[in-house]
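Everything below belongs to coords.txt, which stores compact mmCIF, C-alpha atoms (C1' of nucleotides).
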# COMPACT_ATOMS: atom_id res chain seq x y z
CA MET A 227 0.00 0.00 0.00
CA THR A 228 1.16 3.46 -0.91
CA GLU A 229 2.07 6.30 1.38
CA ALA A 230 -0.41 9.07 2.01
CA PRO A 231 0.82 12.33 0.50
CA ARG A 232 2.18 14.83 3.01
CA LEU A 233 0.63 18.26 3.34
CA ASP A 234 3.93 20.09 3.57
CA ARG A 235 5.15 18.59 0.31
CA GLN A 236 2.22 19.76 -1.78
CA VAL A 237 2.74 22.56 -4.26
CA CYS A 238 -1.01 22.79 -4.32
CA PHE A 239 -1.26 23.66 -0.63
CA ALA A 240 1.62 26.13 -0.98
CA LEU A 241 -0.37 27.92 -3.69
CA TYR A 242 -3.56 27.89 -1.66
CA ALA A 243 -1.81 29.19 1.47
CA ALA A 244 0.15 31.88 -0.40
CA SER A 245 -2.91 33.12 -2.24
CA ARG A 246 -4.90 33.48 0.96
CA ALA A 247 -1.97 35.15 2.71
CA ALA A 248 -1.68 37.67 -0.12
CA THR A 249 -5.34 38.60 -0.09
CA ALA A 250 -5.12 38.88 3.70
CA VAL A 251 -2.41 41.53 3.25
CA TYR A 252 -4.57 43.37 0.72
CA ARG A 253 -7.76 43.14 2.80
CA PRO A 254 -7.21 46.04 5.26
CA ILE A 255 -5.87 48.27 2.47
CA LEU A 256 -8.79 47.51 0.19
CA GLU A 257 -11.20 47.99 3.07
CA ASP A 258 -10.19 51.65 3.06
CA LEU A 259 -11.41 51.85 -0.54
CA GLY A 260 -14.57 49.89 0.28
CA LEU A 261 -13.57 46.97 -1.96
CA THR A 262 -13.06 43.24 -1.53
CA TYR A 263 -10.19 41.59 -3.36
CA PRO A 264 -12.27 40.15 -6.24
CA GLN A 265 -13.99 43.52 -6.60
CA TYR A 266 -10.55 45.13 -6.82
CA LEU A 267 -9.60 42.73 -9.61
CA VAL A 268 -12.69 43.73 -11.56
CA MET A 269 -11.83 47.41 -11.08
CA LEU A 270 -8.27 46.74 -12.31
CA VAL A 271 -9.67 45.37 -15.56
CA LEU A 272 -12.08 48.27 -15.97
CA TRP A 273 -9.39 50.88 -15.25
CA GLU A 274 -7.47 49.43 -18.17
CA SER A 275 -10.43 49.33 -20.48
CA ASP A 276 -13.92 50.51 -19.62
CA ALA A 277 -17.32 49.26 -20.75
CA LYS A 278 -16.56 45.55 -20.94
CA GLY A 279 -19.28 42.95 -21.00
CA VAL A 280 -19.69 40.45 -18.22
CA LYS A 281 -18.32 37.71 -20.43
CA GLU A 282 -15.14 39.61 -21.33
CA LEU A 283 -14.52 40.40 -17.68
CA GLY A 284 -15.00 36.74 -16.93
CA GLU A 285 -12.48 35.68 -19.54
CA GLU A 286 -9.79 37.98 -18.19
CA LEU A 287 -10.36 36.95 -14.59
CA GLY A 288 -11.33 33.33 -15.11
CA LEU A 289 -14.69 33.88 -13.43
CA ASP A 290 -18.20 33.07 -14.63
CA SER A 291 -21.45 35.01 -14.52
CA GLY A 292 -22.48 33.14 -11.38
CA THR A 293 -19.66 34.91 -9.56
CA LEU A 294 -19.63 38.17 -11.47
CA SER A 295 -23.33 39.03 -11.66
CA PRO A 296 -23.84 39.51 -7.92
CA LEU A 297 -20.36 41.03 -7.52
CA LEU A 298 -21.13 43.64 -10.18
CA LYS A 299 -24.45 44.40 -8.52
CA ARG A 300 -22.56 45.17 -5.32
CA LEU A 301 -20.08 47.36 -7.20
CA GLU A 302 -23.06 49.19 -8.68
CA ALA A 303 -24.65 49.60 -5.25
CA LEU A 304 -21.32 51.08 -4.07
CA GLY A 305 -21.52 53.60 -6.90
CA PHE A 306 -18.34 52.51 -8.71
CA VAL A 307 -19.89 51.06 -11.87
CA GLU A 308 -23.06 51.20 -13.92
CA ARG A 309 -24.56 48.23 -15.74
CA ARG A 310 -26.21 49.10 -19.05
CA ARG A 311 -27.99 46.78 -21.44
CA SER A 312 -26.41 47.13 -24.84
CA GLY A 313 -28.62 48.66 -27.53
CA GLU A 314 -27.39 46.53 -30.43
CA ASP A 315 -27.33 43.27 -28.51
CA GLU A 316 -29.90 43.14 -25.77
CA ARG A 317 -28.21 40.11 -24.24
CA ARG A 318 -25.10 42.06 -23.37
CA VAL A 319 -24.65 44.11 -20.22
CA ALA A 320 -21.81 46.61 -20.51
CA ILE A 321 -20.09 47.61 -17.27
CA HIS A 322 -19.21 51.31 -17.20
CA LEU A 323 -17.07 53.07 -14.61
CA THR A 324 -18.70 55.97 -12.81
CA THR A 325 -16.76 59.10 -11.92
CA ALA A 326 -16.27 57.68 -8.43
CA GLY A 327 -15.08 54.41 -9.91
CA ARG A 328 -12.54 56.16 -12.11
CA ALA A 329 -11.39 58.32 -9.19
CA LEU A 330 -10.65 55.21 -7.15
CA SER A 331 -7.82 54.23 -9.47
CA SER A 332 -5.42 56.86 -8.17
CA LYS A 333 -6.09 55.81 -4.59
CA ALA A 334 -5.33 52.23 -5.59
CA SER A 335 -2.10 52.98 -7.40
CA GLY A 336 0.14 52.37 -4.41
CA ILE A 337 -1.39 49.05 -3.44
CA PRO A 338 0.81 46.59 -5.36
CA GLN A 339 3.91 48.08 -3.79
CA HIS A 340 2.49 47.12 -0.40
CA LEU A 341 2.49 43.49 -1.39
CA ALA A 342 5.97 43.74 -2.86
CA ASP A 343 7.22 45.24 0.42
CA ALA A 344 5.46 42.61 2.52
CA ALA A 345 6.65 39.75 0.32
CA GLY A 346 10.23 39.69 1.52
CA LEU A 347 11.40 38.72 -1.96
CA SER A 348 13.59 40.66 -4.35
CA ASP A 349 12.08 42.25 -7.45
CA GLN A 350 13.74 39.58 -9.56
CA GLU A 351 12.36 36.79 -7.43
CA LEU A 352 8.89 38.30 -7.58
CA GLU A 353 9.11 38.69 -11.33
CA GLN A 354 10.33 35.14 -11.73
CA LEU A 355 7.57 33.89 -9.44
CA ARG A 356 4.98 35.72 -11.52
CA ALA A 357 6.37 34.21 -14.71
CA THR A 358 6.43 30.68 -13.28
CA LEU A 359 2.89 31.04 -11.96
CA GLY A 360 1.76 32.27 -15.35
CA ARG A 361 3.23 29.24 -17.12
CA LEU A 362 1.77 26.96 -14.44
CA THR A 363 -1.72 28.42 -14.80
CA GLU A 364 -1.55 28.08 -18.58
CA ALA A 365 -0.45 24.44 -18.36
CA LEU A 366 -3.10 23.58 -15.79
CA HIS A 367 -5.82 25.10 -17.97
CA ARG A 368 -4.58 23.20 -21.00
CA SER A 369 -4.56 19.92 -19.07
CA HIS A 370 -8.34 19.54 -19.20
CA MET B 7 -1.51 61.50 -10.85
CA THR B 8 -0.28 57.93 -10.76
CA GLU B 9 -0.99 55.09 -13.14
CA ALA B 10 -3.56 52.47 -12.26
CA PRO B 11 -1.87 49.12 -11.64
CA ARG B 12 -2.24 46.56 -14.41
CA LEU B 13 -3.84 43.22 -13.80
CA ASP B 14 -1.31 41.24 -15.77
CA ARG B 15 1.58 42.61 -13.74
CA GLN B 16 0.23 41.58 -10.37
CA VAL B 17 1.89 38.71 -8.53
CA CYS B 18 -1.21 38.66 -6.42
CA PHE B 19 -3.49 37.86 -9.36
CA ALA B 20 -1.01 35.27 -10.61
CA LEU B 21 -1.27 33.53 -7.23
CA TYR B 22 -5.04 33.75 -7.20
CA ALA B 23 -5.35 32.40 -10.74
CA ALA B 24 -2.82 29.60 -10.22
CA SER B 25 -4.43 28.49 -6.99
CA ARG B 26 -7.86 28.27 -8.58
CA ALA B 27 -6.45 26.49 -11.63
CA ALA B 28 -4.78 23.92 -9.37
CA THR B 29 -7.91 23.17 -7.39
CA ALA B 30 -9.81 22.93 -10.68
CA VAL B 31 -7.43 20.14 -11.74
CA TYR B 32 -7.93 18.38 -8.42
CA ARG B 33 -11.72 18.78 -8.43
CA PRO B 34 -12.75 15.91 -10.75
CA ILE B 35 -10.22 13.57 -9.12
CA LEU B 36 -11.39 14.43 -5.62
CA GLU B 37 -14.99 14.12 -6.71
CA ASP B 38 -14.33 10.41 -7.21
CA LEU B 39 -13.40 10.21 -3.53
CA GLY B 40 -16.37 12.34 -2.51
CA LEU B 41 -14.18 15.17 -1.22
CA THR B 42 -13.81 18.87 -1.90
CA TYR B 43 -10.32 20.36 -1.96
CA PRO B 44 -10.40 21.84 1.57
CA GLN B 45 -11.81 18.55 2.87
CA TYR B 46 -8.90 16.77 1.18
CA LEU B 47 -6.45 19.08 2.97
CA VAL B 48 -8.02 18.19 6.31
CA MET B 49 -7.75 14.50 5.47
CA LEU B 50 -4.07 14.97 4.54
CA VAL B 51 -3.38 16.34 8.00
CA LEU B 52 -5.31 13.55 9.70
CA TRP B 53 -3.59 10.82 7.66
CA GLU B 54 -0.32 12.13 9.01
CA SER B 55 -1.51 12.32 12.58
CA ASP B 56 -4.96 11.33 13.78
CA ALA B 57 -7.12 12.71 16.60
CA LYS B 58 -6.18 16.37 16.28
CA GLY B 59 -8.28 19.09 17.80
CA VAL B 60 -10.03 21.68 15.65
CA LYS B 61 -7.56 24.29 16.75
CA GLU B 62 -4.49 22.24 15.78
CA LEU B 63 -6.02 21.49 12.38
CA GLY B 64 -6.66 25.20 11.99
CA GLU B 65 -3.07 26.08 12.78
CA GLU B 66 -1.68 23.69 10.20
CA LEU B 67 -4.08 24.80 7.49
CA GLY B 68 -4.43 28.44 8.41
CA LEU B 69 -8.19 28.10 8.86
CA ASP B 70 -10.41 29.06 11.77
CA SER B 71 -13.29 27.28 13.48
CA GLY B 72 -15.76 29.25 11.40
CA THR B 73 -14.49 27.38 8.35
CA LEU B 74 -13.58 24.07 9.98
CA SER B 75 -16.61 23.39 12.17
CA PRO B 76 -19.11 23.01 9.32
CA LEU B 77 -16.50 21.33 7.09
CA LEU B 78 -15.82 18.71 9.78
CA LYS B 79 -19.53 18.13 10.22
CA ARG B 80 -19.75 17.35 6.51
CA LEU B 81 -16.76 14.99 6.74
CA GLU B 82 -18.51 13.28 9.63
CA ALA B 83 -21.75 13.02 7.65
CA LEU B 84 -19.70 11.41 4.85
CA GLY B 85 -18.44 8.84 7.35
CA PHE B 86 -14.74 9.74 7.09
CA VAL B 87 -14.22 11.21 10.58
CA GLU B 88 -15.76 11.17 14.04
CA ARG B 89 -15.85 14.16 16.36
CA ARG B 90 -15.43 13.30 20.04
CA ARG B 91 -15.49 15.66 22.98
CA SER B 92 -12.32 15.13 24.95
CA GLY B 93 -12.82 13.65 28.43
CA GLU B 94 -10.07 15.63 30.16
CA ASP B 95 -10.86 18.92 28.48
CA GLU B 96 -14.50 19.28 27.60
CA ARG B 97 -13.72 22.27 25.40
CA ARG B 98 -11.73 20.16 22.97
CA VAL B 99 -13.23 18.17 20.11
CA ALA B 100 -10.84 15.54 18.80
CA ILE B 101 -11.24 14.53 15.18
CA HIS B 102 -10.73 10.81 14.66
CA LEU B 103 -10.46 9.01 11.35
CA THR B 104 -12.96 6.23 10.76
CA THR B 105 -11.99 3.02 8.97
CA ALA B 106 -13.42 4.49 5.77
CA GLY B 107 -11.44 7.68 6.35
CA ARG B 108 -8.20 5.77 6.80
CA ALA B 109 -8.95 3.61 3.76
CA LEU B 110 -9.30 6.71 1.61
CA SER B 111 -5.61 7.52 2.00
CA SER B 112 -4.46 4.79 -0.35
CA LYS B 113 -6.92 5.93 -3.00
CA ALA B 114 -5.56 9.46 -2.63
CA SER B 115 -1.90 8.53 -2.86
CA GLY B 116 -1.64 9.10 -6.60
CA ILE B 117 -3.27 12.50 -6.61
CA PRO B 118 -0.26 14.81 -6.22
CA GLN B 119 1.40 13.19 -9.22
CA HIS B 120 -1.59 14.26 -11.29
CA LEU B 121 -0.88 17.88 -10.51
CA ALA B 122 2.82 17.43 -11.18
CA ASP B 123 1.99 15.93 -14.58
CA ALA B 124 -0.49 18.67 -15.41
CA ALA B 125 1.84 21.43 -14.26
CA GLY B 126 4.18 21.34 -17.22
CA LEU B 127 7.10 22.18 -14.96
CA SER B 128 10.13 20.10 -14.11
CA ASP B 129 10.47 18.53 -10.66
CA GLN B 130 13.15 21.08 -9.82
CA GLU B 131 10.99 23.97 -10.90
CA LEU B 132 8.08 22.64 -8.85
CA GLU B 133 10.30 22.18 -5.84
CA GLN B 134 11.71 25.67 -6.21
CA LEU B 135 8.22 27.08 -6.64
CA ARG B 136 7.09 25.36 -3.47
CA ALA B 137 10.07 26.76 -1.58
CA THR B 138 9.51 30.30 -2.86
CA LEU B 139 5.81 30.13 -2.03
CA GLY B 140 6.66 28.91 1.45
CA ARG B 141 8.99 31.84 2.07
CA LEU B 142 6.43 34.23 0.60
CA THR B 143 3.63 32.94 2.82
CA GLU B 144 5.85 33.22 5.88
CA ALA B 145 6.83 36.79 5.05
CA LEU B 146 3.25 37.82 4.34
CA HIS B 147 2.08 36.41 7.65
CA ARG B 148 4.88 38.21 9.50
CA SER B 149 3.99 41.51 7.83
CA HIS B 150 0.90 42.06 9.99
C1' DA C 291 -15.18 28.05 47.12
C1' DT C 292 -15.58 31.78 43.95
C1' DC C 293 -14.44 34.82 40.69
C1' DC C 294 -12.05 35.93 36.30
C1' DG C 295 -9.12 36.10 32.32
C1' DG C 296 -8.26 33.12 28.80
C1' DT C 297 -9.32 29.38 25.54
C1' DA C 298 -11.92 25.95 22.46
C1' DA C 299 -15.51 25.19 19.42
C1' DG C 300 -19.63 26.65 17.37
C1' DT C 301 -22.86 30.16 15.20
C1' DT C 302 -24.21 34.09 12.29
C1' DG C 303 -23.73 36.94 8.42
C1' DT C 304 -21.37 38.48 4.10
C1' DG C 305 -19.06 37.59 -0.08
C1' DC C 306 -16.89 34.80 -3.19
C1' DA C 307 -16.37 30.25 -6.52
C1' DC C 308 -18.56 27.10 -9.28
C1' DA C 309 -21.96 23.73 -11.16
C1' DA C 310 -26.39 23.55 -13.15
C1' DT C 311 -30.34 25.66 -14.88
C1' DT C 312 -33.25 29.35 -16.85
C1' DG C 313 -34.86 32.94 -19.95
C1' DA C 314 -34.24 36.15 -23.32
C1' DA C 315 -31.94 37.58 -27.56
C1' DT C 316 -29.29 36.40 -31.63
C1' DT C 317 -27.39 33.67 -35.33
C1' DG C 318 -27.10 30.07 -38.60
C1' DT C 319 -29.50 26.88 -41.76
C1' DG C 320 -32.81 25.00 -44.52
C1' DC D 259 -39.21 33.40 -43.46
C1' DA D 260 -39.07 29.66 -39.80
C1' DC D 261 -36.84 27.61 -36.22
C1' DA D 262 -33.23 25.08 -34.08
C1' DA D 263 -28.79 25.87 -32.02
C1' DT D 264 -26.05 29.10 -29.71
C1' DT D 265 -24.90 32.91 -26.74
C1' DC D 266 -25.26 36.09 -22.81
C1' DA D 267 -26.49 37.23 -18.28
C1' DA D 268 -28.90 36.02 -14.26
C1' DT D 269 -30.51 32.68 -10.76
C1' DT D 270 -30.27 28.70 -7.56
C1' DG D 271 -27.86 25.80 -4.54
C1' DT D 272 -23.60 24.09 -2.17
C1' DG D 273 -19.35 24.83 0.09
C1' DC D 274 -15.70 27.45 1.48
C1' DA D 275 -13.22 31.93 3.94
C1' DC D 276 -13.39 35.14 7.39
C1' DA D 277 -15.02 38.61 10.80
C1' DA D 278 -17.68 39.09 14.87
C1' DC D 279 -19.99 37.06 18.46
C1' DT D 280 -21.63 33.38 21.71
C1' DT D 281 -21.30 29.54 24.80
C1' DA D 282 -19.04 26.37 27.56
C1' DC D 283 -15.14 25.18 29.96
C1' DC D 284 -10.56 25.55 32.06
C1' DG D 285 -7.02 27.11 35.41
C1' DG D 286 -5.11 30.35 38.39
C1' DA D 287 -5.54 33.98 42.22
C1' DT D 288 -7.66 35.46 45.78
Here is a file; write its structure as structure tokens.
Amino acid sequence: MTEAPRLDRQVCFALYAASRAATAVYRPILEDLGLTYPQYLVMLVLWESDAKGVKELGEELGLDSGTLSPLLKRLEALGFVERRRSGEDERRVAIHLTTAGRALSSKASGIPQHLADAAGLSDQELEQLRATLGRLTEALHRSH
Amino acid sequence: MTEAPRLDRQVCFALYAASRAATAVYRPILEDLGLTYPQYLVMLVLWESDAKGVKELGEELGLDSGTLSPLLKRLEALGFVERRRSGEDERRVAIHLTTAGRALSSKASGIPQHLADAAGLSDQELEQLRATLGRLTEALHRSH
DNA sequence: ATCCGGTAAGTTGTGCACAATTGAATTGTG
DNA sequence: CACAATTCAATTGTGCACAACTTACCGGAT
């Protein structure tokens, strides 16, 4: 009979733990902006390019409408976005930044540096980590 | 005024995406065992050392009783663990593996190799990734 | 013996993730 | 044109995460 795998050997657990630790560092900072971490990710996408549909947002973030629909409703209730049915294609809902939503971007500009400072890794290590994670994510998606 | 941070530059998003991609690879495999990913992590700890308290489990996994209490109830309903109030300290609830719970470990032994295969990274790269993530998690926890 | 600070587990409430389904709008095909 | 297949967003239901709170119990100090 085979050995049971050990928790401390699992890359998978290391990813899970690191991801939760990172969002825990972001949480108090984002709280000042009134955002949760997934909401912040949505705002990052919109700051780059406004008026995306729910589907396009989902493709960039790897999230589906089951996650995004209620999240976007909350962002709308907070006054950071507006959801408008498209005229040409009534199925589409375009997500537009409000003035308040656009204004938030400058307040958020210093946030990534916080993580970099808290990470205890050099810029090169962080960059290499990001690259490795990117390749890993790609490969994992391809594998099924 | 400062630039808005870009999604594709964020280590934080890379972690978040990779972690979800990894659990997505595990999901169909774990479904065969009847487990979710966090339930599998709890079983990993118990296979190493049975009869832990909720608090000890929480320390190893970085989860609190708010997450673990209902999760452990579900594992008990599945027949994989038993929760027993400790005799000496009535506050403690010791989590014991059942025969079925112990038997599951051999079925689970091949699972980590699945991720390694799907990862598209060499063993060295995976090992280095695990080490970097470990240091990162440590540093992030220390930072607050 | 009794209080009291501390501790263990559980509960409540909010917000993701994700599977599965629904309903409306659009597109492709005969 | 008709209509089946597809697409988009929303909804429903389950199971985490995590903060805040509650309840029960312990152990020490008077």
Length of the atom CA of A:Val251 to atom CA of A:Glu274 vector [Å] | 23.4 Å
Stretch 301-307 of chain C: which residues within 9 Å, counting only C-alpha atoms (C1' of nucleotides), same-chain residues fewer than 4 positions away excluded, as a list in words?
->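 Once the nearby chain positions are removed, what remains is Thr262, Pro264, Leu289, Asp290, Gly292, Thr293 and Leu297 of chain A; Arg26 and Gly72 of chain B; DC274, DA275, DA278, DC279 and DT280 of chain D.
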Give me the residues of chain A that have any atom at most 12 Å from an atom of chain C; for each, the nearest atom pair and the distance in Å, rounded to one decimal. Use all atoms listed in the file, sort by chain and number, and format it as a Markdown table.
| residue | atom | partner | partner_atom | distance |
| --- | --- | --- | --- | --- |
| A:Leu261 | CA | C:DG305 | C1' | 11.0 |
| A:Thr262 | CA | C:DG305 | C1' | 8.4 |
| A:Tyr263 | CA | C:DC306 | C1' | 9.5 |
| A:Pro264 | CA | C:DC306 | C1' | 7.7 |
| A:Gln265 | CA | C:DC306 | C1' | 9.8 |
| A:Gly288 | CA | C:DA307 | C1' | 10.4 |
| A:Leu289 | CA | C:DA307 | C1' | 8.0 |
| A:Asp290 | CA | C:DC308 | C1' | 8.0 |
| A:Ser291 | CA | C:DC308 | C1' | 9.9 |
| A:Gly292 | CA | C:DC308 | C1' | 7.5 |
| A:Thr293 | CA | C:DA307 | C1' | 6.5 |
| A:Leu294 | CA | C:DC306 | C1' | 9.4 |
| A:Ser295 | CA | C:DC306 | C1' | 11.5 |
| A:Pro296 | CA | C:DG305 | C1' | 9.4 |
| A:Leu297 | CA | C:DG305 | C1' | 8.3 |
| A:Leu298 | CA | C:DG305 | C1' | 12.0 |
| A:Arg300 | CA | C:DG305 | C1' | 9.9 |
| A:Arg311 | CA | C:DA315 | C1' | 11.7 |
| A:Ser312 | CA | C:DA315 | C1' | 11.4 |
| A:Gly313 | CA | C:DA315 | C1' | 11.6 |
| A:Glu314 | CA | C:DT316 | C1' | 10.4 |
| A:Asp315 | CA | C:DA315 | C1' | 7.4 |
| A:Glu316 | CA | C:DA315 | C1' | 6.2 |
| A:Arg317 | CA | C:DA315 | C1' | 5.6 |
| A:Arg318 | CA | C:DA315 | C1' | 9.2 |
Any chance you can output those residues with C-alpha atoms as a CSV table (one decimal), in the frame of the given file?
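And here's result_20.csv as it stands now:
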chain,number,residue,atom,x,y,z
A,261,LEU,CA,-13.6,47.0,-2.0
A,262,THR,CA,-13.1,43.2,-1.5
A,263,TYR,CA,-10.2,41.6,-3.4
A,264,PRO,CA,-12.3,40.2,-6.2
A,265,GLN,CA,-14.0,43.5,-6.6
A,288,GLY,CA,-11.3,33.3,-15.1
A,289,LEU,CA,-14.7,33.9,-13.4
A,290,ASP,CA,-18.2,33.1,-14.6
A,291,SER,CA,-21.4,35.0,-14.5
A,292,GLY,CA,-22.5,33.1,-11.4
A,293,THR,CA,-19.7,34.9,-9.6
A,294,LEU,CA,-19.6,38.2,-11.5
A,295,SER,CA,-23.3,39.0,-11.7
A,296,PRO,CA,-23.8,39.5,-7.9
A,297,LEU,CA,-20.4,41.0,-7.5
A,298,LEU,CA,-21.1,43.6,-10.2
A,300,ARG,CA,-22.6,45.2,-5.3
A,311,ARG,CA,-28.0,46.8,-21.4
A,312,SER,CA,-26.4,47.1,-24.8
A,313,GLY,CA,-28.6,48.7,-27.5
A,314,GLU,CA,-27.4,46.5,-30.4
A,315,ASP,CA,-27.3,43.3,-28.5
A,316,GLU,CA,-29.9,43.1,-25.8
A,317,ARG,CA,-28.2,40.1,-24.2
A,318,ARG,CA,-25.1,42.1,-23.4
Compute the chain A side of the contact with chain B at 6 Å, counting only C-alpha atoms, and hand it back as a ChimeraX atom specification.
-> /A:228,230-231,233,237,240-242,244-245,270,331-332,335,344-346,356,359,362-363,365-366,369
Output as a Markdown table one row per residue of chain D within 9 Å of chain B: the closest atom pair and its distance in Å to one decimal place, counting only C-alpha atoms (C1' of nucleotides), sorted by chain and residue number ascending.
| residue | atom | partner | partner_atom | distance |
| --- | --- | --- | --- | --- |
| D:DG273 | C1' | B:Leu77 | CA | 8.3 |
| D:DC274 | C1' | B:Thr73 | CA | 7.0 |
| D:DA275 | C1' | B:Thr73 | CA | 6.5 |
| D:DC276 | C1' | B:Gly72 | CA | 7.5 |
| D:DA282 | C1' | B:Arg97 | CA | 7.1 |
| D:DC283 | C1' | B:Arg97 | CA | 5.6 |
| D:DC284 | C1' | B:Asp95 | CA | 7.5 |
Next, dump the selected residues to file, keeping only C-alpha atoms (C1' of nucleotides), as a JSON list (two decimals), in the coordinates of the input.
[["chain", "number", "residue", "atom", "x", "y", "z"],
["D", 273, "DG", "C1'", -19.35, 24.83, 0.09],
["D", 274, "DC", "C1'", -15.70, 27.45, 1.48],
["D", 275, "DA", "C1'", -13.22, 31.93, 3.94],
["D", 276, "DC", "C1'", -13.39, 35.14, 7.39],
["D", 282, "DA", "C1'", -19.04, 26.37, 27.56],
["D", 283, "DC", "C1'", -15.14, 25.18, 29.96],
["D", 284, "DC", "C1'", -10.56, 25.55, 32.06]]
Tell me which protein, DNA and RNA residues are within 10 Å of A:Thr325, counting all atoms listed in the file, leaving out same-chain ones fewer than 4 positions away, and put them as a VMD selection string.
-> chain A and resid 305 to 307 329 to 330
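What separates atom CA of B:Gly59 from atom CA of B:Thr104 is a distance of 15.4 Å.
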Which distance in Å separates atom CA of A:Glu302 and atom CA of A:Leu323, to one decimal?
->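 Those two atoms sit 9.3 Å apart.
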